[in-house]
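target30.cif (mmCIF, C-alpha atoms) appears below.
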data_upload
loop_
_atom_site.label_atom_id
_atom_site.label_comp_id
_atom_site.auth_asym_id
_atom_site.auth_seq_id
_atom_site.Cartn_x
_atom_site.Cartn_y
_atom_site.Cartn_z
CA MET A 1 -34.23 -18.91 19.59
CA SER A 2 -32.27 -17.00 22.18
CA SER A 3 -33.37 -18.78 25.31
CA LYS A 4 -32.19 -16.53 28.13
CA SER A 5 -32.87 -12.95 27.22
CA PRO A 6 -35.39 -12.57 24.46
CA GLN A 7 -35.42 -8.80 24.84
CA GLY A 8 -31.74 -8.00 24.55
CA PRO A 9 -30.59 -4.40 24.83
CA ASP A 10 -32.94 -1.69 23.65
CA ASN A 11 -32.73 -0.32 20.17
CA THR A 12 -31.01 2.84 21.38
CA THR A 13 -27.94 0.93 22.53
CA ARG A 14 -27.90 -1.04 19.32
CA ASN A 15 -28.18 2.05 17.15
CA LEU A 16 -25.59 3.85 19.23
CA VAL A 17 -23.09 1.05 18.68
CA ILE A 18 -23.81 0.95 14.95
CA GLY A 19 -23.47 4.73 14.85
CA MET A 20 -20.11 4.60 16.56
CA VAL A 21 -18.78 1.97 14.18
CA VAL A 22 -19.99 3.97 11.18
CA LEU A 23 -18.30 7.06 12.64
CA VAL A 24 -14.98 5.24 13.07
CA VAL A 25 -15.14 4.05 9.46
CA ALA A 26 -16.12 7.45 8.09
CA VAL A 27 -13.52 9.42 10.05
CA GLY A 28 -10.77 6.91 9.24
CA ALA A 29 -11.61 6.83 5.56
CA ILE A 30 -11.92 10.62 5.26
CA PHE A 31 -8.61 11.24 7.02
CA SER A 32 -6.90 8.65 4.82
CA VAL A 33 -8.27 10.22 1.64
CA LEU A 34 -7.27 13.73 2.71
CA GLY A 35 -3.84 12.53 3.84
CA ASN A 36 -3.21 11.13 0.38
CA LYS A 37 -4.21 14.18 -1.59
CA THR A 38 -1.48 16.01 -3.42
CA SER A 39 -0.63 19.16 -1.52
CA SER A 40 -0.17 22.08 -3.88
CA SER A 41 1.46 24.12 -1.13
CA ALA A 42 4.11 21.51 -0.30
CA ALA A 43 7.63 22.84 0.12
CA LEU A 44 9.72 21.48 -2.75
CA PRO A 45 13.40 20.61 -2.53
CA SER A 46 15.74 21.88 -5.21
CA ASN A 47 15.84 20.10 -8.57
CA VAL A 48 12.26 18.89 -8.18
CA SER A 49 9.95 19.17 -11.12
CA LYS A 50 6.23 19.00 -10.64
CA ALA A 51 5.81 18.12 -14.30
CA ASP A 52 8.01 15.06 -13.74
CA GLY A 53 5.81 13.70 -10.98
CA TYR A 54 7.63 15.66 -8.26
CA GLY A 55 10.76 13.63 -8.97
CA ILE A 56 14.29 14.86 -8.37
CA VAL A 57 15.54 15.71 -11.84
CA PHE A 58 19.03 15.69 -13.28
CA ASN A 59 19.67 17.34 -16.65
CA GLY A 60 16.09 18.58 -16.81
CA ASP A 61 17.09 21.22 -19.35
CA LEU A 62 18.32 18.72 -21.95
CA THR A 63 16.15 17.85 -24.91
CA GLY A 64 16.52 15.03 -27.37
CA VAL A 65 18.13 12.73 -24.84
CA PRO A 66 16.63 9.59 -23.27
CA VAL A 67 14.55 10.18 -20.16
CA VAL A 68 15.11 7.67 -17.37
CA ASP A 69 12.52 7.55 -14.58
CA ILE A 70 13.50 5.53 -11.51
CA TRP A 71 10.74 4.72 -9.02
CA GLU A 72 12.24 3.35 -5.84
CA ASP A 73 11.88 3.02 -2.10
CA PHE A 74 14.99 3.52 0.02
CA GLN A 75 14.08 0.48 2.09
CA CYS A 76 13.53 -1.91 -0.82
CA PRO A 77 16.34 -4.46 -1.08
CA VAL A 78 15.88 -4.94 -4.82
CA CYS A 79 16.29 -1.18 -5.26
CA ALA A 80 19.65 -1.49 -3.51
CA ARG A 81 20.58 -4.20 -5.98
CA PHE A 82 19.54 -1.99 -8.90
CA GLU A 83 21.56 0.87 -7.49
CA GLN A 84 24.64 -1.30 -6.99
CA THR A 85 24.34 -2.64 -10.52
CA ASN A 86 23.79 0.63 -12.34
CA SER A 87 24.74 3.62 -10.19
CA ALA A 88 28.17 4.09 -11.78
CA TYR A 89 26.59 4.18 -15.23
CA LEU A 90 23.78 6.49 -14.11
CA GLU A 91 26.21 8.91 -12.51
CA LYS A 92 28.26 8.84 -15.70
CA ILE A 93 25.37 9.64 -18.06
CA ILE A 94 24.24 12.39 -15.69
CA ALA A 95 27.71 13.92 -15.56
CA GLU A 96 28.20 13.61 -19.32
CA LYS A 97 24.72 15.00 -19.97
CA LYS A 98 23.69 12.00 -22.03
CA ALA A 99 20.31 11.51 -20.40
CA LYS A 100 17.72 13.16 -18.24
CA VAL A 101 17.36 11.12 -15.06
CA VAL A 102 14.46 11.48 -12.63
CA PHE A 103 14.50 9.84 -9.20
CA HIS A 104 11.11 9.20 -7.57
CA THR A 105 11.54 8.27 -3.93
CA LEU A 106 8.43 6.35 -2.88
CA SER A 107 7.74 5.55 0.75
CA PHE A 108 5.21 2.75 0.78
CA LEU A 109 7.36 0.38 2.83
CA GLY A 110 6.95 2.39 5.99
CA THR A 111 7.78 5.47 8.00
CA GLU A 112 11.51 4.83 7.74
CA SER A 113 11.20 5.08 3.95
CA ALA A 114 9.51 8.45 4.33
CA LEU A 115 12.26 9.63 6.71
CA ALA A 116 14.91 8.56 4.21
CA ALA A 117 13.09 10.15 1.26
CA ASN A 118 12.79 13.41 3.19
CA ALA A 119 16.49 13.31 4.05
CA ALA A 120 17.34 12.66 0.40
CA ALA A 121 15.42 15.82 -0.48
CA CYS A 122 17.34 17.72 2.20
CA ALA A 123 20.56 16.38 0.64
CA SER A 124 19.34 17.55 -2.77
CA ASP A 125 19.27 21.08 -1.39
CA GLU A 126 22.98 20.65 -0.72
CA ASP A 127 23.51 19.25 -4.23
CA LYS A 128 24.36 15.91 -2.67
CA PHE A 129 21.36 13.82 -3.70
CA LEU A 130 23.39 11.28 -5.65
CA GLY A 131 25.93 10.98 -2.85
CA PHE A 132 23.17 10.41 -0.33
CA HIS A 133 21.48 7.95 -2.66
CA SER A 134 24.48 5.67 -3.03
CA ALA A 135 25.63 6.06 0.58
CA PHE A 136 22.19 5.03 1.83
CA TYR A 137 21.93 1.98 -0.41
CA GLN A 138 25.47 0.86 0.34
CA ASN A 139 24.58 0.30 3.98
CA GLN A 140 20.86 -0.24 3.59
CA PRO A 141 19.50 -1.27 7.02
CA ALA A 142 16.96 -4.08 7.32
CA GLU A 143 13.42 -2.99 6.47
CA ASN A 144 11.64 -1.14 9.29
CA SER A 145 14.13 -2.34 11.88
CA GLY A 146 14.21 1.03 13.59
CA ALA A 147 17.72 1.73 12.28
CA VAL A 148 16.76 4.71 10.12
CA THR A 149 16.47 7.60 12.56
CA VAL A 150 17.19 11.31 12.41
CA ASP A 151 20.60 10.71 13.99
CA TYR A 152 21.36 7.97 11.50
CA LEU A 153 20.47 10.19 8.55
CA VAL A 154 22.41 13.14 9.91
CA GLY A 155 25.41 10.85 10.38
CA LEU A 156 24.98 9.54 6.84
CA GLY A 157 25.00 13.13 5.59
CA GLN A 158 28.20 13.88 7.49
CA GLY A 159 29.77 10.85 5.86
CA ILE A 160 29.28 12.45 2.45
CA GLY A 161 30.31 15.91 3.56
CA ILE A 162 27.01 17.54 4.51
CA THR A 163 27.62 19.34 7.77
CA SER A 164 25.22 22.28 7.63
CA ASP A 165 22.71 22.91 10.39
CA LYS A 166 20.13 23.46 7.69
CA TYR A 167 20.40 19.80 6.64
CA LYS A 168 20.09 18.67 10.25
CA SER A 169 16.96 20.66 10.92
CA CYS A 170 15.53 19.71 7.53
CA VAL A 171 15.93 16.01 8.40
CA ALA A 172 14.73 16.38 11.99
CA ASN A 173 11.69 18.52 11.16
CA LEU A 174 10.65 16.51 8.11
CA ASP A 175 10.66 19.72 6.08
CA TYR A 176 9.68 17.86 2.91
CA LYS A 177 7.05 15.58 4.38
CA ASP A 178 4.34 16.92 2.07
CA TRP A 179 6.61 16.54 -0.92
CA VAL A 180 7.22 12.89 0.04
CA ASN A 181 3.43 12.43 0.00
CA ASN A 182 3.16 14.12 -3.36
CA VAL A 183 5.72 11.76 -4.85
CA ALA A 184 3.69 8.83 -3.49
CA SER A 185 0.45 10.19 -4.98
CA SER A 186 2.18 10.72 -8.28
CA GLY A 187 3.34 7.10 -8.27
CA ALA A 188 -0.22 6.00 -7.55
CA GLU A 189 -1.52 8.06 -10.48
CA LYS A 190 1.12 6.63 -12.77
CA ASN A 191 0.30 3.04 -11.80
CA ILE A 192 3.67 2.17 -10.28
CA ASN A 193 3.04 -1.20 -8.63
CA SER A 194 6.43 -2.32 -7.46
CA THR A 195 9.90 -1.01 -6.79
CA PRO A 196 12.17 -0.55 -8.48
CA THR A 197 10.25 0.39 -11.60
CA VAL A 198 12.44 1.95 -14.24
CA LEU A 199 11.10 3.64 -17.34
CA VAL A 200 13.07 4.79 -20.35
CA ASN A 201 11.17 7.39 -22.32
CA GLY A 202 8.02 6.41 -20.48
CA LYS A 203 8.25 2.71 -21.21
CA GLU A 204 9.24 0.16 -18.58
CA ILE A 205 12.45 -1.69 -19.23
CA GLN A 206 12.41 -5.47 -19.27
CA ARG A 207 12.08 -7.19 -15.92
CA ALA A 208 14.22 -10.06 -14.73
CA THR A 209 12.32 -13.30 -15.11
CA SER A 210 14.60 -15.64 -13.19
CA ALA A 211 17.88 -15.81 -11.32
CA THR A 212 19.73 -16.32 -14.58
CA ASP A 213 17.74 -14.01 -16.83
CA LEU A 214 18.54 -10.63 -15.31
CA GLY A 215 16.40 -8.62 -17.68
CA GLN A 216 17.45 -5.03 -18.20
CA TYR A 217 17.40 -4.20 -14.51
CA PHE A 218 20.35 -6.17 -13.17
CA ASP A 219 22.66 -6.56 -16.13
CA PRO A 220 24.69 -3.35 -16.53
CA ALA A 221 25.25 -3.87 -20.25
CA ALA A 222 21.58 -4.58 -20.92
CA PHE A 223 20.59 -1.54 -18.89
CA ALA A 224 22.95 0.72 -20.78
CA GLN A 225 21.55 -0.62 -24.02
CA ALA A 226 17.98 -0.05 -22.81
CA VAL A 227 18.85 3.58 -22.12
CA GLU A 228 20.88 4.28 -25.24
CA GLY A 229 19.06 2.04 -27.67
CA ASN A 230 16.20 4.48 -27.92
CA MET B 1 -28.43 -29.55 16.56
CA LYS B 2 -30.66 -26.52 16.94
CA LYS B 3 -28.95 -25.68 20.20
CA ALA B 4 -25.55 -25.75 18.53
CA LEU B 5 -26.48 -23.27 15.81
CA PRO B 6 -25.96 -20.11 17.91
CA TRP B 7 -22.58 -21.41 19.01
CA ILE B 8 -21.53 -22.11 15.44
CA GLY B 9 -22.79 -18.63 14.66
CA LEU B 10 -20.61 -17.17 17.39
CA LEU B 11 -17.61 -18.95 15.93
CA ALA B 12 -18.48 -17.74 12.43
CA ARG B 13 -18.84 -14.16 13.68
CA LEU B 14 -15.52 -14.22 15.49
CA ILE B 15 -13.61 -15.81 12.61
CA LEU B 16 -15.07 -13.69 9.80
CA GLY B 17 -15.13 -10.56 11.98
CA GLY B 18 -11.64 -11.17 13.31
CA VAL B 19 -10.18 -11.72 9.85
CA LEU B 20 -11.87 -8.59 8.48
CA LEU B 21 -10.75 -6.49 11.43
CA VAL B 22 -7.14 -7.65 11.28
CA ALA B 23 -6.98 -7.41 7.48
CA GLY B 24 -8.38 -3.90 7.57
CA TYR B 25 -6.15 -2.77 10.41
CA LEU B 26 -3.00 -4.04 8.71
CA LYS B 27 -3.79 -2.00 5.58
CA ALA B 28 -5.54 1.11 6.88
CA PHE B 29 -2.35 2.85 7.95
CA THR B 30 -0.30 2.05 4.86
CA PRO B 31 -2.57 3.47 2.16
CA ASP B 32 0.21 3.74 -0.43
CA LYS B 33 0.77 0.01 -0.27
CA SER B 34 -2.91 -0.79 -0.19
CA MET B 35 -3.58 1.35 -3.28
CA MET B 36 -0.71 -0.39 -5.02
CA ALA B 37 -2.19 -3.78 -4.13
CA VAL B 38 -5.54 -2.90 -5.73
CA ARG B 39 -3.90 -1.42 -8.84
CA ALA B 40 -1.83 -4.55 -9.35
CA TYR B 41 -4.99 -6.58 -10.13
CA GLU B 42 -5.28 -4.51 -13.33
CA ILE B 43 -9.09 -4.57 -13.36
CA LEU B 44 -10.18 -1.12 -12.27
CA PRO B 45 -9.28 2.26 -13.73
CA ILE B 46 -6.29 3.60 -11.81
CA TRP B 47 -8.14 6.37 -10.00
CA LEU B 48 -10.85 3.99 -8.83
CA ALA B 49 -8.31 1.40 -7.69
CA ASN B 50 -6.60 4.13 -5.66
CA VAL B 51 -9.84 5.23 -4.01
CA LEU B 52 -10.75 1.65 -3.21
CA GLY B 53 -7.28 1.01 -1.81
CA ILE B 54 -7.80 3.78 0.71
CA ILE B 55 -11.41 3.12 1.66
CA LEU B 56 -11.71 -0.67 1.59
CA PRO B 57 -9.55 -1.28 4.70
CA TRP B 58 -11.81 1.00 6.73
CA LEU B 59 -14.94 -0.77 5.50
CA GLU B 60 -13.36 -4.07 6.51
CA ILE B 61 -12.63 -2.69 9.96
CA GLY B 62 -16.25 -1.54 10.26
CA ALA B 63 -17.74 -4.86 9.19
CA GLY B 64 -15.30 -6.71 11.44
CA LEU B 65 -16.28 -4.62 14.47
CA LEU B 66 -20.00 -5.13 13.81
CA LEU B 67 -19.56 -8.89 13.56
CA ILE B 68 -17.46 -9.16 16.70
CA ILE B 69 -19.77 -6.94 18.78
CA GLY B 70 -22.77 -8.62 17.24
CA VAL B 71 -24.86 -5.80 15.84
CA GLY B 72 -26.13 -5.45 12.31
CA ILE B 73 -24.94 -9.01 11.85
CA ARG B 74 -26.78 -9.67 8.63
CA TYR B 75 -25.61 -6.46 6.97
CA ALA B 76 -22.03 -7.11 8.00
CA ALA B 77 -22.30 -10.76 6.93
CA ILE B 78 -23.65 -9.81 3.49
CA PHE B 79 -20.86 -7.27 3.08
CA GLY B 80 -18.26 -9.80 4.21
CA SER B 81 -19.48 -12.49 1.82
CA ALA B 82 -19.85 -10.06 -1.06
CA ILE B 83 -16.30 -8.72 -0.81
CA MET B 84 -14.93 -12.24 -0.42
CA VAL B 85 -16.67 -13.21 -3.68
CA LEU B 86 -15.20 -10.09 -5.33
CA PHE B 87 -11.75 -10.99 -4.00
CA ILE B 88 -12.12 -14.52 -5.37
CA ILE B 89 -13.06 -13.15 -8.81
CA ALA B 90 -10.19 -10.66 -8.72
CA ILE B 91 -7.63 -13.28 -7.67
CA ALA B 92 -8.94 -15.83 -10.18
CA GLN B 93 -8.68 -13.38 -13.08
CA ALA B 94 -5.15 -12.42 -12.02
CA TRP B 95 -4.26 -16.12 -11.97
CA ALA B 96 -5.91 -16.79 -15.32
CA ARG B 97 -4.17 -13.83 -16.96
CA GLY B 98 -0.80 -14.90 -15.62
CA LEU B 99 -0.16 -11.82 -13.51
CA SER B 100 2.22 -12.40 -10.64
CA ILE B 101 0.85 -10.45 -7.73
CA ASP B 102 0.38 -10.84 -4.02
CA CYS B 103 -3.30 -10.63 -3.07
CA GLY B 104 -2.48 -7.84 -0.62
CA CYS B 105 -5.17 -9.21 1.66
CA PHE B 106 -3.27 -8.53 4.86
CA GLY B 107 -1.05 -5.68 3.73
CA GLY B 108 1.71 -6.18 1.21
CA GLY B 109 0.52 -6.65 -2.33
CA GLY B 110 1.71 -5.48 -5.69
CA THR B 111 3.77 -7.32 -8.24
CA VAL B 112 5.80 -10.20 -6.82
CA ASP B 113 8.16 -12.83 -8.10
CA PRO B 114 6.19 -15.51 -10.04
CA SER B 115 7.35 -18.16 -7.57
CA LYS B 116 5.75 -16.29 -4.71
CA THR B 117 2.13 -16.29 -5.88
CA ARG B 118 -0.31 -18.34 -3.79
CA TYR B 119 -3.52 -17.98 -5.72
CA LEU B 120 -5.15 -21.33 -4.86
CA GLU B 121 -4.54 -20.90 -1.15
CA GLU B 122 -5.97 -17.38 -1.23
CA ILE B 123 -9.06 -18.47 -3.14
CA LEU B 124 -9.76 -21.38 -0.77
CA ARG B 125 -9.40 -19.13 2.25
CA ASP B 126 -11.75 -16.52 0.84
CA THR B 127 -14.26 -19.21 -0.12
CA GLY B 128 -14.31 -20.43 3.47
CA LEU B 129 -14.83 -16.89 4.74
CA ALA B 130 -17.61 -16.25 2.23
CA LEU B 131 -19.38 -19.40 3.43
CA LEU B 132 -19.17 -18.19 7.05
CA GLY B 133 -20.88 -14.98 5.95
CA LEU B 134 -23.64 -16.93 4.21
CA TYR B 135 -24.10 -19.06 7.32
CA LEU B 136 -24.62 -15.92 9.40
CA LEU B 137 -27.09 -14.61 6.85
CA ARG B 138 -29.13 -17.80 7.25
CA TYR B 139 -28.72 -18.16 11.04
CA PRO B 140 -28.12 -14.66 12.40
CA VAL B 141 -29.08 -15.47 15.99
CA THR B 142 -25.83 -16.19 17.77
CA LYS B 143 -24.40 -16.45 21.27
CA PHE B 144 -23.02 -13.36 23.02
CA ALA B 145 -24.20 -10.92 20.41
CA LEU B 146 -25.31 -7.46 21.42
CA GLU B 147 -28.54 -7.82 19.47
CA LYS B 148 -30.50 -10.77 20.72
CA ASN B 149 -34.15 -10.77 19.79
CA ARG B 150 -35.31 -11.52 16.31
CA SER B 151 -36.96 -8.15 15.79
CA GLN B 152 -33.62 -6.43 16.18
CA ILE B 153 -31.87 -8.66 13.70
CA ARG B 154 -33.40 -6.99 10.75
CA THR B 155 -33.48 -8.59 7.42
CA PRO B 156 -32.13 -6.41 4.68
CA SER B 157 -34.00 -8.24 1.95
CA GLN B 158 -37.13 -9.76 3.41
CA GLY B 159 -38.81 -9.74 6.83
CA GLU B 160 -39.11 -13.16 8.40
#
Please express the file's structure as structure tokens.
Amino acid sequence: MSSKSPQGPDNTTRNLVIGMVVLVVAVGAIFSVLGNKTSSSAALPSNVSKADGYGIVFNGDLTGVPVVDIWEDFQCPVCARFEQTNSAYLEKIIAEKKAKVVFHTLSFLGTESALAANAAACASDEDKFLGFHSAFYQNQPAENSGAVTVDYLVGLGQGIGITSDKYKSCVANLDYKDWVNNVASSGAEKNINSTPTVLVNGKEIQRATSATDLGQYFDPAAFAQAVEGN
Amino acid sequence: MKKALPWIGLLARLILGGVLLVAGYLKAFTPDKSMMAVRAYEILPIWLANVLGIILPWLEIGAGLLLIIGVGIRYAAIFGSAIMVLFIIAIAQAWARGLSIDCGCFGGGGTVDPSKTRYLEEILRDTGLALLGLYLLRYPVTKFALEKNRSQIRTPSQGE
């Protein structure tokens, strides 16, 4: 059918090209799989519990209290809304030791999420995780706009009273990069398919179904009831 | 008409190959999101969905490259059509079960607001792409492909 060149290139060229494409696919896939494996040697920030999916745990020593797992991404706008709705209550039940609260900082929205999650871990080392958490969400920059940089995160830390050089180098050197990956893998294993996903005692609270039905996520009273009703 | 077939084939290769390449590229470097997209269909066991979420984008890139360069056309076309059919089944079952997810075809994915699902559109698009693959399977000799003679365009199933 091919009128001009019935021969075409020899089979060597053809096989070489196929071989190269296969190589690209194999190398890419292998690197992706390895990059996503949980690293058992990852440096862990303080308050992290491997048993709780590498989350940052508050009141981990309490028993017989509700366990609240919050899966979030620092760049997700709905997570900012959840935080604004419920952070006062969450900080209260943490301070009053009424619940065990675990924050899982996912990073699927992009590299800026990973930078922020790493910085949050650095802040946890300074016992300022909650401060970082609410400060970040209060001025959440637009998703992947390039606003979240090392300087930005260092400045954010200074705003909440973290001035140590350790924090700066921790943010700049991505000290907890592997931990950030481990949190992501843990979310994948636990079938977390959107953010925020909030579980109370392992069971997801009720989602909002419309602008008027806020579910248990965006109605502070309903959220408090979801936590305490158990 | 016969003269037009290789030109239609070229178009089919570039469209199907281009879509696969772009779709793969957009997902390959955000594996967390891609894994989430596959899990959200709620068909596969979680571990398998996660593996597929990592590997599938690379396979799409591979098939896309083969189609655009024009080697192994029939293999790539079969793969392209087969995954489109699987996507259609996956999307249709999500629709039928009332899940609200984004197909995650070009990145994104996961659970979305019910008003943001676009199942019909996604199914129609994938049907069109699957048909392009079938066309290439039937008429694999195309313009500007690296492999030109019929002996090189091997038939996976039967020799012609």
Counting only C-alpha atoms, which residues of chain A sit at most 10 Å from some atom of chain B, and what is each one's closest atom pair with its distance in Å to one decimal, listed by chain and rising residue number, as JSON lines?
{"residue": "A:Met1", "atom": "CA", "partner": "B:Val141", "partner_atom": "CA", "distance": 7.2}
{"residue": "A:Ser2", "atom": "CA", "partner": "B:Lys148", "partner_atom": "CA", "distance": 6.6}
{"residue": "A:Ser3", "atom": "CA", "partner": "B:Lys3", "partner_atom": "CA", "distance": 9.7}
{"residue": "A:Lys4", "atom": "CA", "partner": "B:Lys148", "partner_atom": "CA", "distance": 9.5}
{"residue": "A:Ser5", "atom": "CA", "partner": "B:Lys148", "partner_atom": "CA", "distance": 7.3}
{"residue": "A:Pro6", "atom": "CA", "partner": "B:Asn149", "partner_atom": "CA", "distance": 5.2}
{"residue": "A:Gln7", "atom": "CA", "partner": "B:Asn149", "partner_atom": "CA", "distance": 5.6}
{"residue": "A:Gly8", "atom": "CA", "partner": "B:Lys148", "partner_atom": "CA", "distance": 4.9}
{"residue": "A:Pro9", "atom": "CA", "partner": "B:Glu147", "partner_atom": "CA", "distance": 6.7}
{"residue": "A:Asp10", "atom": "CA", "partner": "B:Glu147", "partner_atom": "CA", "distance": 8.6}
{"residue": "A:Asn11", "atom": "CA", "partner": "B:Gln152", "partner_atom": "CA", "distance": 7.4}
{"residue": "A:Thr13", "atom": "CA", "partner": "B:Leu146", "partner_atom": "CA", "distance": 8.9}
{"residue": "A:Arg14", "atom": "CA", "partner": "B:Val71", "partner_atom": "CA", "distance": 6.6}
{"residue": "A:Asn15", "atom": "CA", "partner": "B:Val71", "partner_atom": "CA", "distance": 8.6}
{"residue": "A:Val17", "atom": "CA", "partner": "B:Val71", "partner_atom": "CA", "distance": 7.6}
{"residue": "A:Ile18", "atom": "CA", "partner": "B:Val71", "partner_atom": "CA", "distance": 6.9}
{"residue": "A:Met20", "atom": "CA", "partner": "B:Gly62", "partner_atom": "CA", "distance": 9.6}
{"residue": "A:Val21", "atom": "CA", "partner": "B:Gly62", "partner_atom": "CA", "distance": 5.8}
{"residue": "A:Val22", "atom": "CA", "partner": "B:Gly62", "partner_atom": "CA", "distance": 6.7}
{"residue": "A:Leu23", "atom": "CA", "partner": "B:Gly62", "partner_atom": "CA", "distance": 9.2}
{"residue": "A:Val24", "atom": "CA", "partner": "B:Gly62", "partner_atom": "CA", "distance": 7.4}
{"residue": "A:Val25", "atom": "CA", "partner": "B:Trp58", "partner_atom": "CA", "distance": 5.3}
{"residue": "A:Ala26", "atom": "CA", "partner": "B:Trp58", "partner_atom": "CA", "distance": 7.9}
{"residue": "A:Val27", "atom": "CA", "partner": "B:Trp58", "partner_atom": "CA", "distance": 9.2}
{"residue": "A:Gly28", "atom": "CA", "partner": "B:Trp58", "partner_atom": "CA", "distance": 6.5}
{"residue": "A:Ala29", "atom": "CA", "partner": "B:Ile55", "partner_atom": "CA", "distance": 5.4}
{"residue": "A:Ile30", "atom": "CA", "partner": "B:Ile55", "partner_atom": "CA", "distance": 8.3}
{"residue": "A:Phe31", "atom": "CA", "partner": "B:Ile54", "partner_atom": "CA", "distance": 9.8}
{"residue": "A:Ser32", "atom": "CA", "partner": "B:Ile54", "partner_atom": "CA", "distance": 6.4}
{"residue": "A:Val33", "atom": "CA", "partner": "B:Ile54", "partner_atom": "CA", "distance": 6.5}
{"residue": "A:Gly35", "atom": "CA", "partner": "B:Pro31", "partner_atom": "CA", "distance": 9.3}
{"residue": "A:Asn36", "atom": "CA", "partner": "B:Pro31", "partner_atom": "CA", "distance": 7.9}
{"residue": "A:Leu106", "atom": "CA", "partner": "B:Asp32", "partner_atom": "CA", "distance": 9.0}
{"residue": "A:Ser107", "atom": "CA", "partner": "B:Asp32", "partner_atom": "CA", "distance": 7.8}
{"residue": "A:Phe108", "atom": "CA", "partner": "B:Asp32", "partner_atom": "CA", "distance": 5.2}
{"residue": "A:Leu109", "atom": "CA", "partner": "B:Lys33", "partner_atom": "CA", "distance": 7.3}
{"residue": "A:Gly110", "atom": "CA", "partner": "B:Thr30", "partner_atom": "CA", "distance": 7.3}
{"residue": "A:Thr111", "atom": "CA", "partner": "B:Thr30", "partner_atom": "CA", "distance": 9.3}
{"residue": "A:Asn181", "atom": "CA", "partner": "B:Asp32", "partner_atom": "CA", "distance": 9.3}
{"residue": "A:Ala184", "atom": "CA", "partner": "B:Asp32", "partner_atom": "CA", "distance": 6.9}
{"residue": "A:Ser185", "atom": "CA", "partner": "B:Asp32", "partner_atom": "CA", "distance": 7.9}
{"residue": "A:Gly187", "atom": "CA", "partner": "B:Asp32", "partner_atom": "CA", "distance": 9.1}
{"residue": "A:Ala188", "atom": "CA", "partner": "B:Met36", "partner_atom": "CA", "distance": 6.9}
{"residue": "A:Glu189", "atom": "CA", "partner": "B:Ile46", "partner_atom": "CA", "distance": 6.7}
{"residue": "A:Lys190", "atom": "CA", "partner": "B:Ile46", "partner_atom": "CA", "distance": 8.1}
{"residue": "A:Asn191", "atom": "CA", "partner": "B:Ile46", "partner_atom": "CA", "distance": 6.6}
{"residue": "A:Ile192", "atom": "CA", "partner": "B:Met36", "partner_atom": "CA", "distance": 7.3}
{"residue": "A:Asn193", "atom": "CA", "partner": "B:Met36", "partner_atom": "CA", "distance": 5.3}
{"residue": "A:Ser194", "atom": "CA", "partner": "B:Thr111", "partner_atom": "CA", "distance": 5.7}
{"residue": "A:Thr195", "atom": "CA", "partner": "B:Thr111", "partner_atom": "CA", "distance": 8.9}
{"residue": "A:Ala208", "atom": "CA", "partner": "B:Asp113", "partner_atom": "CA", "distance": 9.4}
{"residue": "A:Thr209", "atom": "CA", "partner": "B:Asp113", "partner_atom": "CA", "distance": 8.2}
{"residue": "A:Ser210", "atom": "CA", "partner": "B:Asp113", "partner_atom": "CA", "distance": 8.7}
Atom CA of Lys100 of chain A to atom CA of Phe218 of chain A, straight-line distance in Å:
20.2 Å
Matched chain/residue IDs from the PyMOL selection byres ((chain B and resi 128) around 12), as a PDB file with C-alpha atoms, in the coordinates of the input:
ATOM      1  CA  ALA B  12     -18.480 -17.740  12.430  1.00  0.00           C
ATOM      2  CA  ILE B  15     -13.610 -15.810  12.610  1.00  0.00           C
ATOM      3  CA  LEU B  16     -15.070 -13.690   9.800  1.00  0.00           C
ATOM      4  CA  VAL B  19     -10.180 -11.720   9.850  1.00  0.00           C
ATOM      5  CA  GLY B  80     -18.260  -9.800   4.210  1.00  0.00           C
ATOM      6  CA  SER B  81     -19.480 -12.490   1.820  1.00  0.00           C
ATOM      7  CA  MET B  84     -14.930 -12.240  -0.420  1.00  0.00           C
ATOM      8  CA  VAL B  85     -16.670 -13.210  -3.680  1.00  0.00           C
ATOM      9  CA  ILE B  88     -12.120 -14.520  -5.370  1.00  0.00           C
ATOM     10  CA  GLU B 121      -4.540 -20.900  -1.150  1.00  0.00           C
ATOM     11  CA  GLU B 122      -5.970 -17.380  -1.230  1.00  0.00           C
ATOM     12  CA  ILE B 123      -9.060 -18.470  -3.140  1.00  0.00           C
ATOM     13  CA  LEU B 124      -9.760 -21.380  -0.770  1.00  0.00           C
ATOM     14  CA  ARG B 125      -9.400 -19.130   2.250  1.00  0.00           C
ATOM     15  CA  ASP B 126     -11.750 -16.520   0.840  1.00  0.00           C
ATOM     16  CA  THR B 127     -14.260 -19.210  -0.120  1.00  0.00           C
ATOM     17  CA  LEU B 129     -14.830 -16.890   4.740  1.00  0.00           C
ATOM     18  CA  ALA B 130     -17.610 -16.250   2.230  1.00  0.00           C
ATOM     19  CA  LEU B 131     -19.380 -19.400   3.430  1.00  0.00           C
ATOM     20  CA  LEU B 132     -19.170 -18.190   7.050  1.00  0.00           C
ATOM     21  CA  GLY B 133     -20.880 -14.980   5.950  1.00  0.00           C
ATOM     22  CA  LEU B 134     -23.640 -16.930   4.210  1.00  0.00           C
ATOM     23  CA  TYR B 135     -24.100 -19.060   7.320  1.00  0.00           C
TER      24      TYR B 135
END
Go ahead and compute the interatomic distance for atom CA of Val183 of chain A and atom CA of Tyr152 of chain A, in Å to one decimal.
22.9 Å
Mind pulling up the distance from atom CA of Phe106 of chain B to atom CA of Lys27 of chain B?
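Atom-to-atom, atom CA of Lys27 of chain B and atom CA of Phe106 of chain B are spaced 6.6 Å apart.
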Target residues per the PyMOL selection byres ((chain A and resi 137) around 8), formatted as a ChimeraX atom specification:
/A:74,80,83-84,133-136,138-140
Shell of 9 Å around segment 37-49 of chain A, all atoms listed in the file, local chain residues under 3 positions omitted, as a ChimeraX atom specification:
/A:32-34,52-58,60,102,121-127,175-179,181-186
